[in-house]
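Right, one structure below, let's go through it.
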Amino acid sequence: MTAETVLDARGERCPLPVIRLATLVRESPDVAVVVLLATDPAAAHDVPAWCRMRGHRYVGARPQADHTAYVVEVVRPNTVAAGH
């Protein structure tokens, strides 16, 4: 099982959650799965769109009491896609 990296963007407004997600993925080559915590409703559209544009896998959303956790599987050029 791959460890999840949690990125807390609760309270931040669009486009900051996706910008922080992009920065984390770009600057952390070992990150494989990111869980973005966000309260901004725009993240529900922004995160899947960013994944499509960048070639990452949008796993889904986990609604929580006061925020949503968006799960992204980071796909690197050398990542072997097992079962995808």
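Ordering of the structure tokens sets the chain letters (A, B, ...), residue numbers begin anew at 1 in every chain, and ligands are numbered from 1 in the order given.
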**OP:** Please provide as a list in words all residues within 12 Å of A:Val35, with the sequence filter that same-chain residues fewer than 5 positions apart are discarded (counting only C-alpha atoms).
**Re:** Ala3, Glu4, Thr5, Val6, Leu7, Asp8, Ala9, Arg10, Pro17, Val18, Arg20, Leu21, Leu24, Val25, Val47, Tyr58, Val59, Gly60, Ala61, Arg62, Pro63, His67, Thr68, Ala69, Tyr70, Val71, Val72, Glu73 and Val74 of chain A
**OP:** Name the residues in contact with A:Arg13 at a cut-off of 10 Å, using only C-alpha atoms, excluding same-chain residues fewer than 6 positions from it; report them as a PyMOL selection string.
**Re:** chain A and resi 38-43
Could you turn the residues from that selection into a file that holds N, CA, C and O atoms, as a compact mmCIF listing (two decimals), in the first residue's frame?
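Result went into selection_33.txt, see below:
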# COMPACT_ATOMS: atom_id res chain seq x y z
N ALA A 38 -9.91 20.19 1.38
CA ALA A 38 -10.37 21.50 0.91
C ALA A 38 -11.79 21.78 1.35
O ALA A 38 -12.62 20.87 1.42
N THR A 39 -12.05 23.05 1.62
CA THR A 39 -13.40 23.51 1.95
C THR A 39 -14.02 24.26 0.79
O THR A 39 -15.24 24.47 0.78
N ASP A 40 -13.23 24.68 -0.18
CA ASP A 40 -13.71 25.45 -1.32
C ASP A 40 -14.51 24.53 -2.25
O ASP A 40 -13.99 23.54 -2.75
N PRO A 41 -15.77 24.85 -2.51
CA PRO A 41 -16.58 24.00 -3.38
C PRO A 41 -16.04 23.89 -4.81
O PRO A 41 -16.30 22.91 -5.50
N ALA A 42 -15.26 24.87 -5.25
CA ALA A 42 -14.70 24.83 -6.60
C ALA A 42 -13.71 23.67 -6.77
O ALA A 42 -13.48 23.20 -7.88
N ALA A 43 -13.14 23.19 -5.67
CA ALA A 43 -12.19 22.08 -5.75
C ALA A 43 -12.83 20.83 -6.33
O ALA A 43 -12.16 20.02 -6.96
**OP:** Check the DSSP output for the backbone and give back, as a list in words, the residues of chain A in alpha helix (DSSP H).
**Re:** Leu16, Pro17, Val18, Ile19, Arg20, Leu21, Ala22, Thr23, Leu24, Val25, Arg26, Glu27, Ala43, Ala44, His45, Asp46, Val47, Pro48, Ala49, Trp50, Cys51, Arg52, Met53 and Arg54 of chain A
**OP:** Taking the DSSP assignment computed from this structure's backbone, write out as a PyMOL selection string all residues of chain A that belong to strand (DSSP E or B).
**Re:** chain A and resi 4-9+33-38+57-63+68-73
Export of prior selection with C-alpha atoms as a short mmCIF file (atom, residue, chain, number, x, y, z; two decimals), in the first residue's frame:
data_model
loop_
_atom_site.label_atom_id
_atom_site.label_comp_id
_atom_site.auth_asym_id
_atom_site.auth_seq_id
_atom_site.Cartn_x
_atom_site.Cartn_y
_atom_site.Cartn_z
CA GLU A 4 -0.79 9.06 1.36
CA THR A 5 0.58 12.59 1.57
CA VAL A 6 -1.97 14.95 3.10
CA LEU A 7 -2.14 18.53 1.84
CA ASP A 8 -4.32 20.74 4.03
CA ALA A 9 -5.86 23.56 1.98
CA VAL A 33 -0.85 9.62 -3.56
CA VAL A 34 -2.04 13.03 -2.40
CA VAL A 35 -5.08 13.65 -0.23
CA LEU A 36 -6.06 17.29 -0.65
CA LEU A 37 -8.25 18.61 2.16
CA ALA A 38 -10.37 21.50 0.91
CA ARG A 57 -5.48 9.75 -11.76
CA TYR A 58 -8.38 11.29 -9.85
CA VAL A 59 -9.36 8.58 -7.38
CA GLY A 60 -12.34 10.38 -5.88
CA ALA A 61 -13.67 12.49 -3.05
CA ARG A 62 -14.24 11.60 0.59
CA PRO A 63 -16.79 13.97 2.14
CA THR A 68 -13.78 17.19 1.46
CA ALA A 69 -10.72 15.02 0.96
CA TYR A 70 -9.82 14.70 -2.74
CA VAL A 71 -7.60 11.72 -3.55
CA VAL A 72 -5.13 11.95 -6.41
CA GLU A 73 -2.79 9.21 -7.62
#
**OP:** Calculate how many Å separate atom CA of A:Gly55 from atom CA of A:Thr23, rounding to one decimal.
**Re:**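 According to the coordinates, atom CA of A:Gly55 and atom CA of A:Thr23 are separated by 15.1 Å.
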Original post:
From the list A:Val31, A:Ala65, A:Ala22, A:Val75, which residue is nearest A:Trp50 when using only C-alpha atoms?
Top reply: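 Going through A:Val31, A:Ala65, A:Ala22, A:Val75 one by one, the smallest distance to A:Trp50 is for A:Ala22.
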Original post:
Quick one: distance from atom CA of A:Gln64 to atom CA of A:Arg26 in Å, one decimal?
Top reply: 26.9 Å
